[in-house]
Amino acid sequence: MKLLSGNSNRALSQAIADHLDAPLTKAQVKRFADNEVFAVIEENVRGEDVFILQSTSYPANDNLMELLIITDALVRASARRITAVMPYFGYARQDRKTGGRTPISAKLVANLITRAGADRVLTMDLHAGQIQGFFDIPTDNLVATPVLAQDIKETYGRDPSLMIVSPDVGGVVRARSLASRLDADLAIVDKRRPKAGESEVMNIIGDVQGRRCILFDDIVDSGGTLVNAAKALIDQGATEVSAYISHGVLSGPAVKRISDGPLKELVITNSIEQPHEVLNCAKIRAVSVAPLIGEAIRRIANEESVSKLFD
């Protein structure tokens with residue numbers, strides 16, 4: 001087994017390597033003067049089981065091209081099996097046609113990864129689980145829920161006032177899974193989205209009066225949905241509102257919104273490497289998914305069951 005890291009999240013790659021007690025394969029992934037991506041593998045990988053560690057987060061296109069070019073380099077170097085390990089799968093929100101003459105970009109990206117030569121994909125908390133079906137190769141979609149649930153237990157203990165809140169109807173299954181693990185009640189924010197990047201809270205389904213609410217979702221991008229939901233929950237009598245999110249995209253004014261808004265705390269995973277602005281924000285904290293992803297890699301390499309990691 002060999003681990004090879006792109007440039008999207010070197011810190012997470014090193015943490016995964018440390019967990020597995022395996023060094024990262026020596027490789028160079030750099031840019032030419034015109035910003036073309038160039039990759040060279042500096043170790044022999046012939047007949048090896050290689051795992052490429054690369055999130056396709058911002059800049060999504062550059063990181064995706066790195067993944068494709070590294071994959072091609074490994075194919076031409078005669079690697080036995082290539083697994084694309086994508087803690088965050090970019091373009092996942094474009095999983096269906098939202099109107100006339102619009103693309104299904106998640107399917108296009110899946111095709112690109114497959115055609116580049118990947119034999120398997122390992123990712124975490126896809127925006128829509130059915131994206132697994134876009135791939136014509138085996139795809140494992142890990143969930144960060146066990147990691148985040150453990151952090152909630154350590155932070156809040158057995159608080160009977162705790163309530164898990166889904167920020168929209170589409171995330172109810174995800175939120176219910178967390179609520180079940182914590183033996184907590186569930187509430188739902190009924191919202192509508194006038195256009196991409198904007199949301200309006202219409203109603204709160206559930207009694208949040210006097211409750212400590214935790215918003216639970218897969219992606220926080222601009223932060224507008226979370227802040228609006230937190231305001232609505234406070235208005236309905238919640239004593240405090242925190243948020244646990246798998247992927248901290250945190251683009252545009254997100255950090256300022258979180259800092260100035262009513263959220264007590266935003267907890268994200270380290271699936272995406274964060275800039276100093278996020279790391280220095282007192283309200284934002286990250287938990288590591290390196291042990292989860294590392295264990296999945298170990299199980300895949302040893303031909304063991306990965307489904308046990310969902311328990």
# chains A, B, ... in the order shown; residues from 1 in each chain; ligands from 1
call {"tool": "select_by_dssp", "arguments": {"residues": "segment 164-246 of chain A", "states": "strand (DSSP E)", "output": "PyMOL selection string"}}
result
chain A and resi 164-166+185-192+200-205+212-220+240-246
call {"tool": "residues_around", "arguments": {"residues": "segment 160-168 of chain A", "least_positions_apart": "6", "cutoff": "8 Å", "atoms": "only C-alpha atoms", "output": "list in words"}}
result
Arg174, Ala175, Arg176, Leu178, Ala179, Ala184, Asp185, Leu186, Ala187, Ile188, Val189, Asp190, Lys191, Val208, Gly210, Arg211, Arg212, Cys213, Ile214, Leu215, Phe216, Asp217, Thr225, Leu226 and Ala229 of chain A
call {"tool": "residues_around", "arguments": {"residues": "segment 137-139 of chain A", "least_positions_apart": "6", "cutoff": "6 Å", "atoms": "only C-alpha atoms", "output": "list in words"}}
result
Arg120, Val121 and Leu122 of chain A
call {"tool": "closest_residue", "arguments": {"among": "A:Gly157, A:Gly171, A:Gly133, A:Gly6", "to": "Val29 of chain A", "atoms": "only C-alpha atoms"}}
result
A:Gly6
call {"tool": "atom_distance", "arguments": {"atom1": "atom CA of Leu74 of chain A", "atom2": "atom CA of Glu303 of chain A"}}
result
20.9 Å
call {"tool": "atom_distance", "arguments": {"atom1": "atom CA of Ile205 of chain A", "atom2": "atom CA of Leu126 of chain A"}}
result
25.2 Å
call {"tool": "residues_around", "arguments": {"residues": "Leu292 of chain A", "least_positions_apart": "4", "cutoff": "10 Å", "atoms": "only C-alpha atoms", "output": "PyMOL selection string"}}
result
chain A and resi 16+19+124+142-144+146-147+288+296-297+309-310
call {"tool": "write_last_selection", "arguments": {"atoms": "all heavy atoms", "output": "short mmCIF file (atom, residue, chain, number, x, y, z; two decimals), in the first residue's frame"}}
result
data_model
loop_
_atom_site.label_atom_id
_atom_site.label_comp_id
_atom_site.auth_asym_id
_atom_site.auth_seq_id
_atom_site.Cartn_x
_atom_site.Cartn_y
_atom_site.Cartn_z
N ILE A 16 -3.42 11.31 8.15
CA ILE A 16 -3.83 9.96 7.75
C ILE A 16 -2.62 9.04 7.69
O ILE A 16 -2.66 7.89 8.15
CB ILE A 16 -4.56 10.00 6.40
CG1 ILE A 16 -5.91 10.73 6.53
CG2 ILE A 16 -4.77 8.59 5.84
CD1 ILE A 16 -6.59 11.01 5.21
N HIS A 19 -1.59 8.13 11.14
CA HIS A 19 -2.51 7.15 11.73
C HIS A 19 -2.19 5.74 11.24
O HIS A 19 -2.27 4.78 12.01
CB HIS A 19 -3.96 7.52 11.39
CG HIS A 19 -4.96 6.53 11.89
ND1 HIS A 19 -5.41 6.52 13.19
CD2 HIS A 19 -5.59 5.49 11.26
CE1 HIS A 19 -6.28 5.53 13.35
NE2 HIS A 19 -6.40 4.89 12.19
N MET A 124 -16.46 11.07 1.63
CA MET A 124 -17.14 11.21 2.92
C MET A 124 -18.30 12.20 2.80
O MET A 124 -18.14 13.29 2.26
CB MET A 124 -16.15 11.69 3.99
CG MET A 124 -16.74 11.76 5.40
SD MET A 124 -15.58 12.41 6.62
CE MET A 124 -15.68 14.17 6.24
N LEU A 142 -18.18 7.34 3.25
CA LEU A 142 -18.12 7.35 4.71
C LEU A 142 -19.03 8.45 5.27
O LEU A 142 -19.39 9.39 4.56
CB LEU A 142 -16.69 7.61 5.18
CG LEU A 142 -15.62 6.61 4.73
CD1 LEU A 142 -14.25 7.10 5.19
CD2 LEU A 142 -15.90 5.23 5.28
N VAL A 143 -19.40 8.32 6.53
CA VAL A 143 -20.17 9.36 7.20
C VAL A 143 -19.37 9.86 8.40
O VAL A 143 -18.76 9.07 9.13
CB VAL A 143 -21.56 8.86 7.63
CG1 VAL A 143 -22.43 8.57 6.43
CG2 VAL A 143 -21.46 7.62 8.52
N ALA A 144 -19.40 11.17 8.60
CA ALA A 144 -18.68 11.78 9.73
C ALA A 144 -19.52 11.76 10.99
O ALA A 144 -19.04 12.20 12.05
CB ALA A 144 -18.28 13.21 9.38
N PRO A 146 -20.42 9.51 13.27
CA PRO A 146 -19.85 8.96 14.51
C PRO A 146 -18.81 9.87 15.15
O PRO A 146 -18.76 10.00 16.38
CB PRO A 146 -19.23 7.64 14.05
CG PRO A 146 -19.94 7.28 12.80
CD PRO A 146 -20.25 8.58 12.13
N VAL A 147 -17.98 10.51 14.33
CA VAL A 147 -16.94 11.41 14.85
C VAL A 147 -17.58 12.64 15.50
O VAL A 147 -17.21 13.04 16.61
CB VAL A 147 -15.99 11.84 13.71
CG1 VAL A 147 -14.96 12.84 14.23
CG2 VAL A 147 -15.30 10.63 13.10
N SER A 288 -10.90 16.16 13.74
CA SER A 288 -10.18 15.42 12.71
C SER A 288 -10.92 14.15 12.30
O SER A 288 -11.41 13.39 13.14
CB SER A 288 -8.78 15.05 13.21
OG SER A 288 -8.08 14.32 12.21
N ALA A 296 -10.56 3.37 7.07
CA ALA A 296 -11.21 2.91 5.84
C ALA A 296 -10.17 2.49 4.81
O ALA A 296 -10.34 1.46 4.12
CB ALA A 296 -12.10 4.02 5.27
N ILE A 297 -9.09 3.26 4.69
CA ILE A 297 -8.02 2.90 3.76
C ILE A 297 -7.39 1.56 4.16
O ILE A 297 -7.15 0.69 3.30
CB ILE A 297 -6.95 4.01 3.73
CG1 ILE A 297 -7.51 5.27 3.04
CG2 ILE A 297 -5.67 3.54 3.03
CD1 ILE A 297 -6.59 6.46 3.13
N LEU A 309 -17.60 0.73 9.78
CA LEU A 309 -17.26 2.09 10.21
C LEU A 309 -18.50 2.97 10.32
O LEU A 309 -18.42 4.07 10.83
CB LEU A 309 -16.27 2.72 9.23
CG LEU A 309 -14.92 2.02 9.10
CD1 LEU A 309 -14.07 2.70 8.03
CD2 LEU A 309 -14.19 2.03 10.43
N PHE A 310 -19.63 2.49 9.82
CA PHE A 310 -20.87 3.27 9.90
C PHE A 310 -21.59 3.04 11.23
O PHE A 310 -22.55 3.75 11.52
CB PHE A 310 -21.81 2.89 8.75
CG PHE A 310 -21.28 3.25 7.39
CD1 PHE A 310 -20.41 2.41 6.72
CD2 PHE A 310 -21.62 4.43 6.78
CE1 PHE A 310 -19.90 2.73 5.47
CE2 PHE A 310 -21.12 4.77 5.53
CZ PHE A 310 -20.27 3.91 4.89
#
call {"tool": "select_by_dssp", "arguments": {"residues": "segment 90-253 of chain A", "states": "helix (DSSP H, G or I)", "output": "PDB file with N, CA, C and O atoms, in the first residue's frame"}}
result
ATOM      1  N   SER A 105     -23.212  18.207 -13.251  1.00  0.00           N
ATOM      2  CA  SER A 105     -21.745  18.253 -13.200  1.00  0.00           C
ATOM      3  C   SER A 105     -21.151  17.162 -12.332  1.00  0.00           C
ATOM      4  O   SER A 105     -20.026  16.715 -12.571  1.00  0.00           O
ATOM      5  N   ALA A 106     -21.883  16.712 -11.298  1.00  0.00           N
ATOM      6  CA  ALA A 106     -21.368  15.641 -10.445  1.00  0.00           C
ATOM      7  C   ALA A 106     -21.146  14.367 -11.258  1.00  0.00           C
ATOM      8  O   ALA A 106     -20.172  13.640 -11.045  1.00  0.00           O
ATOM      9  N   LYS A 107     -22.035  14.102 -12.209  1.00  0.00           N
ATOM     10  CA  LYS A 107     -21.885  12.930 -13.075  1.00  0.00           C
ATOM     11  C   LYS A 107     -20.692  13.099 -14.009  1.00  0.00           C
ATOM     12  O   LYS A 107     -19.928  12.158 -14.249  1.00  0.00           O
ATOM     13  N   LEU A 108     -20.515  14.309 -14.539  1.00  0.00           N
ATOM     14  CA  LEU A 108     -19.375  14.585 -15.404  1.00  0.00           C
ATOM     15  C   LEU A 108     -18.060  14.350 -14.666  1.00  0.00           C
ATOM     16  O   LEU A 108     -17.138  13.717 -15.194  1.00  0.00           O
ATOM     17  N   VAL A 109     -17.965  14.849 -13.426  1.00  0.00           N
ATOM     18  CA  VAL A 109     -16.743  14.673 -12.635  1.00  0.00           C
ATOM     19  C   VAL A 109     -16.510  13.192 -12.351  1.00  0.00           C
ATOM     20  O   VAL A 109     -15.373  12.705 -12.411  1.00  0.00           O
ATOM     21  N   ALA A 110     -17.583  12.455 -12.046  1.00  0.00           N
ATOM     22  CA  ALA A 110     -17.452  11.015 -11.816  1.00  0.00           C
ATOM     23  C   ALA A 110     -16.899  10.319 -13.056  1.00  0.00           C
ATOM     24  O   ALA A 110     -16.025   9.439 -12.960  1.00  0.00           O
ATOM     25  N   ASN A 111     -17.387  10.714 -14.227  1.00  0.00           N
ATOM     26  CA  ASN A 111     -16.881  10.129 -15.475  1.00  0.00           C
ATOM     27  C   ASN A 111     -15.403  10.451 -15.678  1.00  0.00           C
ATOM     28  O   ASN A 111     -14.625   9.597 -16.125  1.00  0.00           O
ATOM     29  N   LEU A 112     -15.013  11.683 -15.392  1.00  0.00           N
ATOM     30  CA  LEU A 112     -13.615  12.089 -15.562  1.00  0.00           C
ATOM     31  C   LEU A 112     -12.687  11.257 -14.685  1.00  0.00           C
ATOM     32  O   LEU A 112     -11.626  10.793 -15.130  1.00  0.00           O
ATOM     33  N   ILE A 113     -13.080  11.069 -13.433  1.00  0.00           N
ATOM     34  CA  ILE A 113     -12.244  10.311 -12.499  1.00  0.00           C
ATOM     35  C   ILE A 113     -12.130   8.859 -12.957  1.00  0.00           C
ATOM     36  O   ILE A 113     -11.049   8.254 -12.915  1.00  0.00           O
ATOM     37  N   THR A 114     -13.245   8.307 -13.413  1.00  0.00           N
ATOM     38  CA  THR A 114     -13.234   6.916 -13.876  1.00  0.00           C
ATOM     39  C   THR A 114     -12.378   6.760 -15.128  1.00  0.00           C
ATOM     40  O   THR A 114     -11.545   5.849 -15.227  1.00  0.00           O
ATOM     41  N   ARG A 115     -12.575   7.653 -16.091  1.00  0.00           N
ATOM     42  CA  ARG A 115     -11.829   7.562 -17.350  1.00  0.00           C
ATOM     43  C   ARG A 115     -10.342   7.843 -17.156  1.00  0.00           C
ATOM     44  O   ARG A 115      -9.502   7.345 -17.921  1.00  0.00           O
ATOM     45  N   ALA A 116      -9.990   8.614 -16.138  1.00  0.00           N
ATOM     46  CA  ALA A 116      -8.570   8.875 -15.871  1.00  0.00           C
ATOM     47  C   ALA A 116      -7.852   7.614 -15.435  1.00  0.00           C
ATOM     48  O   ALA A 116      -6.630   7.506 -15.590  1.00  0.00           O
ATOM     49  N   GLY A 129     -26.513  10.948  -1.471  1.00  0.00           N
ATOM     50  CA  GLY A 129     -25.962   9.601  -1.480  1.00  0.00           C
ATOM     51  C   GLY A 129     -26.008   8.923  -2.835  1.00  0.00           C
ATOM     52  O   GLY A 129     -25.157   8.094  -3.153  1.00  0.00           O
ATOM     53  N   GLN A 130     -27.003   9.314  -3.659  1.00  0.00           N
ATOM     54  CA  GLN A 130     -27.136   8.650  -4.958  1.00  0.00           C
ATOM     55  C   GLN A 130     -25.995   8.981  -5.914  1.00  0.00           C
ATOM     56  O   GLN A 130     -25.873   8.347  -6.975  1.00  0.00           O
ATOM     57  N   ILE A 131     -25.145   9.933  -5.565  1.00  0.00           N
ATOM     58  CA  ILE A 131     -23.986  10.233  -6.408  1.00  0.00           C
ATOM     59  C   ILE A 131     -23.077   9.009  -6.519  1.00  0.00           C
ATOM     60  O   ILE A 131     -22.342   8.859  -7.500  1.00  0.00           O
ATOM     61  N   GLN A 132     -23.134   8.116  -5.541  1.00  0.00           N
ATOM     62  CA  GLN A 132     -22.372   6.868  -5.639  1.00  0.00           C
ATOM     63  C   GLN A 132     -22.711   6.133  -6.932  1.00  0.00           C
ATOM     64  O   GLN A 132     -21.858   5.481  -7.531  1.00  0.00           O
ATOM     65  N   GLY A 133     -23.969   6.251  -7.364  1.00  0.00           N
ATOM     66  CA  GLY A 133     -24.398   5.581  -8.581  1.00  0.00           C
ATOM     67  C   GLY A 133     -23.900   6.236  -9.846  1.00  0.00           C
ATOM     68  O   GLY A 133     -24.016   5.662 -10.940  1.00  0.00           O
ATOM     69  N   PHE A 134     -23.326   7.451  -9.732  1.00  0.00           N
ATOM     70  CA  PHE A 134     -22.755   8.117 -10.901  1.00  0.00           C
ATOM     71  C   PHE A 134     -21.451   7.456 -11.317  1.00  0.00           C
ATOM     72  O   PHE A 134     -21.000   7.629 -12.450  1.00  0.00           O
ATOM     73  N   THR A 145     -20.746  11.265  10.912  1.00  0.00           N
ATOM     74  CA  THR A 145     -21.659  11.303  12.059  1.00  0.00           C
ATOM     75  C   THR A 145     -21.070  10.690  13.326  1.00  0.00           C
ATOM     76  O   THR A 145     -21.190  11.288  14.406  1.00  0.00           O
ATOM     77  N   PRO A 146     -20.421   9.510  13.270  1.00  0.00           N
ATOM     78  CA  PRO A 146     -19.855   8.957  14.511  1.00  0.00           C
ATOM     79  C   PRO A 146     -18.810   9.869  15.155  1.00  0.00           C
ATOM     80  O   PRO A 146     -18.762   9.999  16.377  1.00  0.00           O
ATOM     81  N   VAL A 147     -17.977  10.510  14.326  1.00  0.00           N
ATOM     82  CA  VAL A 147     -16.943  11.408  14.849  1.00  0.00           C
ATOM     83  C   VAL A 147     -17.581  12.635  15.498  1.00  0.00           C
ATOM     84  O   VAL A 147     -17.210  13.041  16.611  1.00  0.00           O
ATOM     85  N   LEU A 148     -18.555  13.226  14.812  1.00  0.00           N
ATOM     86  CA  LEU A 148     -19.217  14.422  15.336  1.00  0.00           C
ATOM     87  C   LEU A 148     -20.079  14.089  16.548  1.00  0.00           C
ATOM     88  O   LEU A 148     -20.157  14.879  17.498  1.00  0.00           O
ATOM     89  N   ALA A 149     -20.721  12.928  16.532  1.00  0.00           N
ATOM     90  CA  ALA A 149     -21.532  12.514  17.685  1.00  0.00           C
ATOM     91  C   ALA A 149     -20.668  12.359  18.928  1.00  0.00           C
ATOM     92  O   ALA A 149     -21.075  12.752  20.037  1.00  0.00           O
ATOM     93  N   GLN A 150     -19.477  11.796  18.765  1.00  0.00           N
ATOM     94  CA  GLN A 150     -18.573  11.639  19.903  1.00  0.00           C
ATOM     95  C   GLN A 150     -18.159  12.992  20.461  1.00  0.00           C
ATOM     96  O   GLN A 150     -18.093  13.175  21.684  1.00  0.00           O
ATOM     97  N   ASP A 151     -17.910  13.970  19.576  1.00  0.00           N
ATOM     98  CA  ASP A 151     -17.538  15.307  20.033  1.00  0.00           C
ATOM     99  C   ASP A 151     -18.695  15.958  20.784  1.00  0.00           C
ATOM    100  O   ASP A 151     -18.479  16.639  21.793  1.00  0.00           O
ATOM    101  N   ILE A 152     -19.919  15.754  20.304  1.00  0.00           N
ATOM    102  CA  ILE A 152     -21.092  16.316  21.001  1.00  0.00           C
ATOM    103  C   ILE A 152     -21.224  15.705  22.388  1.00  0.00           C
ATOM    104  O   ILE A 152     -21.488  16.405  23.377  1.00  0.00           O
ATOM    105  N   LYS A 153     -21.019  14.396  22.516  1.00  0.00           N
ATOM    106  CA  LYS A 153     -21.105  13.735  23.818  1.00  0.00           C
ATOM    107  C   LYS A 153     -20.069  14.293  24.785  1.00  0.00           C
ATOM    108  O   LYS A 153     -20.351  14.518  25.965  1.00  0.00           O
ATOM    109  N   GLU A 154     -18.848  14.512  24.262  1.00  0.00           N
ATOM    110  CA  GLU A 154     -17.786  15.034  25.120  1.00  0.00           C
ATOM    111  C   GLU A 154     -18.037  16.482  25.514  1.00  0.00           C
ATOM    112  O   GLU A 154     -17.639  16.913  26.599  1.00  0.00           O
ATOM    113  N   THR A 155     -18.703  17.246  24.628  1.00  0.00           N
ATOM    114  CA  THR A 155     -18.935  18.666  24.886  1.00  0.00           C
ATOM    115  C   THR A 155     -20.168  18.907  25.749  1.00  0.00           C
ATOM    116  O   THR A 155     -20.145  19.735  26.667  1.00  0.00           O
ATOM    117  N   TYR A 156     -21.252  18.159  25.475  1.00  0.00           N
ATOM    118  CA  TYR A 156     -22.532  18.430  26.142  1.00  0.00           C
ATOM    119  C   TYR A 156     -22.914  17.386  27.185  1.00  0.00           C
ATOM    120  O   TYR A 156     -23.827  17.632  27.985  1.00  0.00           O
ATOM    121  N   VAL A 169     -35.539  20.349   4.985  1.00  0.00           N
ATOM    122  CA  VAL A 169     -36.246  19.070   4.923  1.00  0.00           C
ATOM    123  C   VAL A 169     -35.363  17.987   4.309  1.00  0.00           C
ATOM    124  O   VAL A 169     -35.427  16.815   4.704  1.00  0.00           O
ATOM    125  N   GLY A 170     -34.515  18.362   3.353  1.00  0.00           N
ATOM    126  CA  GLY A 170     -33.667  17.384   2.682  1.00  0.00           C
ATOM    127  C   GLY A 170     -32.645  16.722   3.582  1.00  0.00           C
ATOM    128  O   GLY A 170     -32.144  15.641   3.268  1.00  0.00           O
ATOM    129  N   GLY A 171     -32.315  17.345   4.712  1.00  0.00           N
ATOM    130  CA  GLY A 171     -31.309  16.782   5.611  1.00  0.00           C
ATOM    131  C   GLY A 171     -31.885  16.039   6.793  1.00  0.00           C
ATOM    132  O   GLY A 171     -31.156  15.722   7.739  1.00  0.00           O
ATOM    133  N   VAL A 172     -33.181  15.715   6.742  1.00  0.00           N
ATOM    134  CA  VAL A 172     -33.840  15.084   7.887  1.00  0.00           C
ATOM    135  C   VAL A 172     -33.244  13.716   8.208  1.00  0.00           C
ATOM    136  O   VAL A 172     -33.006  13.383   9.377  1.00  0.00           O
ATOM    137  N   VAL A 173     -32.981  12.912   7.182  1.00  0.00           N
ATOM    138  CA  VAL A 173     -32.433  11.563   7.420  1.00  0.00           C
ATOM    139  C   VAL A 173     -31.091  11.660   8.127  1.00  0.00           C
ATOM    140  O   VAL A 173     -30.806  10.915   9.076  1.00  0.00           O
ATOM    141  N   ARG A 174     -30.250  12.586   7.675  1.00  0.00           N
ATOM    142  CA  ARG A 174     -28.934  12.774   8.283  1.00  0.00           C
ATOM    143  C   ARG A 174     -29.073  13.214   9.745  1.00  0.00           C
ATOM    144  O   ARG A 174     -28.406  12.696  10.643  1.00  0.00           O
ATOM    145  N   ALA A 175     -29.951  14.186   9.998  1.00  0.00           N
ATOM    146  CA  ALA A 175     -30.138  14.698  11.356  1.00  0.00           C
ATOM    147  C   ALA A 175     -30.761  13.638  12.262  1.00  0.00           C
ATOM    148  O   ALA A 175     -30.407  13.528  13.439  1.00  0.00           O
ATOM    149  N   ARG A 176     -31.691  12.857  11.715  1.00  0.00           N
ATOM    150  CA  ARG A 176     -32.330  11.812  12.526  1.00  0.00           C
ATOM    151  C   ARG A 176     -31.306  10.765  12.955  1.00  0.00           C
ATOM    152  O   ARG A 176     -31.373  10.239  14.079  1.00  0.00           O
ATOM    153  N   SER A 177     -30.345  10.465  12.078  1.00  0.00           N
ATOM    154  CA  SER A 177     -29.301   9.500  12.426  1.00  0.00           C
ATOM    155  C   SER A 177     -28.495   9.984  13.625  1.00  0.00           C
ATOM    156  O   SER A 177     -28.200   9.211  14.543  1.00  0.00           O
ATOM    157  N   LEU A 178     -28.147  11.272  13.631  1.00  0.00           N
ATOM    158  CA  LEU A 178     -27.401  11.830  14.759  1.00  0.00           C
ATOM    159  C   LEU A 178     -28.257  11.852  16.017  1.00  0.00           C
ATOM    160  O   LEU A 178     -27.791  11.495  17.108  1.00  0.00           O
ATOM    161  N   ALA A 179     -29.511  12.270  15.885  1.00  0.00           N
ATOM    162  CA  ALA A 179     -30.404  12.322  17.040  1.00  0.00           C
ATOM    163  C   ALA A 179     -30.571  10.943  17.668  1.00  0.00           C
ATOM    164  O   ALA A 179     -30.621  10.804  18.899  1.00  0.00           O
ATOM    165  N   SER A 180     -30.633   9.914  16.824  1.00  0.00           N
ATOM    166  CA  SER A 180     -30.774   8.548  17.325  1.00  0.00           C
ATOM    167  C   SER A 180     -29.546   8.123  18.119  1.00  0.00           C
ATOM    168  O   SER A 180     -29.659   7.479  19.165  1.00  0.00           O
ATOM    169  N   ARG A 181     -28.369   8.497  17.630  1.00  0.00           N
ATOM    170  CA  ARG A 181     -27.133   8.150  18.338  1.00  0.00           C
ATOM    171  C   ARG A 181     -27.067   8.815  19.708  1.00  0.00           C
ATOM    172  O   ARG A 181     -26.510   8.255  20.652  1.00  0.00           O
ATOM    173  N   LEU A 182     -27.612  10.031  19.796  1.00  0.00           N
ATOM    174  CA  LEU A 182     -27.519  10.812  21.032  1.00  0.00           C
ATOM    175  C   LEU A 182     -28.766  10.669  21.901  1.00  0.00           C
ATOM    176  O   LEU A 182     -28.831  11.263  22.978  1.00  0.00           O
ATOM    177  N   GLY A 224     -25.192  31.582   5.128  1.00  0.00           N
ATOM    178  CA  GLY A 224     -26.480  32.252   5.229  1.00  0.00           C
ATOM    179  C   GLY A 224     -27.572  31.372   5.807  1.00  0.00           C
ATOM    180  O   GLY A 224     -28.343  31.808   6.672  1.00  0.00           O
ATOM    181  N   THR A 225     -27.633  30.116   5.354  1.00  0.00           N
ATOM    182  CA  THR A 225     -28.661  29.197   5.852  1.00  0.00           C
ATOM    183  C   THR A 225     -28.512  28.968   7.350  1.00  0.00           C
ATOM    184  O   THR A 225     -29.502  29.002   8.096  1.00  0.00           O
ATOM    185  N   LEU A 226     -27.301  28.728   7.814  1.00  0.00           N
ATOM    186  CA  LEU A 226     -27.076  28.470   9.241  1.00  0.00           C
ATOM    187  C   LEU A 226     -27.452  29.668  10.093  1.00  0.00           C
ATOM    188  O   LEU A 226     -28.117  29.534  11.127  1.00  0.00           O
ATOM    189  N   VAL A 227     -27.017  30.856   9.685  1.00  0.00           N
ATOM    190  CA  VAL A 227     -27.285  32.064  10.467  1.00  0.00           C
ATOM    191  C   VAL A 227     -28.784  32.337  10.520  1.00  0.00           C
ATOM    192  O   VAL A 227     -29.334  32.656  11.591  1.00  0.00           O
ATOM    193  N   ASN A 228     -29.465  32.215   9.381  1.00  0.00           N
ATOM    194  CA  ASN A 228     -30.908  32.434   9.358  1.00  0.00           C
ATOM    195  C   ASN A 228     -31.642  31.417  10.219  1.00  0.00           C
ATOM    196  O   ASN A 228     -32.595  31.754  10.940  1.00  0.00           O
ATOM    197  N   ALA A 229     -31.214  30.163  10.145  1.00  0.00           N
ATOM    198  CA  ALA A 229     -31.844  29.123  10.957  1.00  0.00           C
ATOM    199  C   ALA A 229     -31.601  29.372  12.443  1.00  0.00           C
ATOM    200  O   ALA A 229     -32.511  29.200  13.266  1.00  0.00           O
ATOM    201  N   ALA A 230     -30.381  29.780  12.793  1.00  0.00           N
ATOM    202  CA  ALA A 230     -30.067  30.065  14.196  1.00  0.00           C
ATOM    203  C   ALA A 230     -30.924  31.210  14.728  1.00  0.00           C
ATOM    204  O   ALA A 230     -31.438  31.152  15.862  1.00  0.00           O
ATOM    205  N   LYS A 231     -31.099  32.255  13.930  1.00  0.00           N
ATOM    206  CA  LYS A 231     -31.945  33.382  14.342  1.00  0.00           C
ATOM    207  C   LYS A 231     -33.380  32.922  14.573  1.00  0.00           C
ATOM    208  O   LYS A 231     -34.020  33.307  15.558  1.00  0.00           O
ATOM    209  N   ALA A 232     -33.892  32.099  13.657  1.00  0.00           N
ATOM    210  CA  ALA A 232     -35.270  31.612  13.787  1.00  0.00           C
ATOM    211  C   ALA A 232     -35.430  30.754  15.041  1.00  0.00           C
ATOM    212  O   ALA A 232     -36.450  30.843  15.739  1.00  0.00           O
ATOM    213  N   LEU A 233     -34.427  29.922  15.342  1.00  0.00           N
ATOM    214  CA  LEU A 233     -34.500  29.077  16.535  1.00  0.00           C
ATOM    215  C   LEU A 233     -34.466  29.902  17.811  1.00  0.00           C
ATOM    216  O   LEU A 233     -35.214  29.629  18.762  1.00  0.00           O
ATOM    217  N   ILE A 234     -33.618  30.922  17.850  1.00  0.00           N
ATOM    218  CA  ILE A 234     -33.559  31.810  19.011  1.00  0.00           C
ATOM    219  C   ILE A 234     -34.895  32.536  19.188  1.00  0.00           C
ATOM    220  O   ILE A 234     -35.410  32.672  20.304  1.00  0.00           O
ATOM    221  N   ASP A 235     -35.464  32.982  18.077  1.00  0.00           N
ATOM    222  CA  ASP A 235     -36.758  33.677  18.133  1.00  0.00           C
ATOM    223  C   ASP A 235     -37.864  32.764  18.658  1.00  0.00           C
ATOM    224  O   ASP A 235     -38.843  33.250  19.252  1.00  0.00           O
TER     225      ASP A 235
END
call {"tool": "residues_around", "arguments": {"residues": "Asp218 of chain A", "least_positions_apart": "2", "cutoff": "8 Å", "atoms": "only C-alpha atoms", "output": "JSON, numbers by chain"}}
result
{"A": [125, 126, 127, 216, 220, 245, 246, 247]}
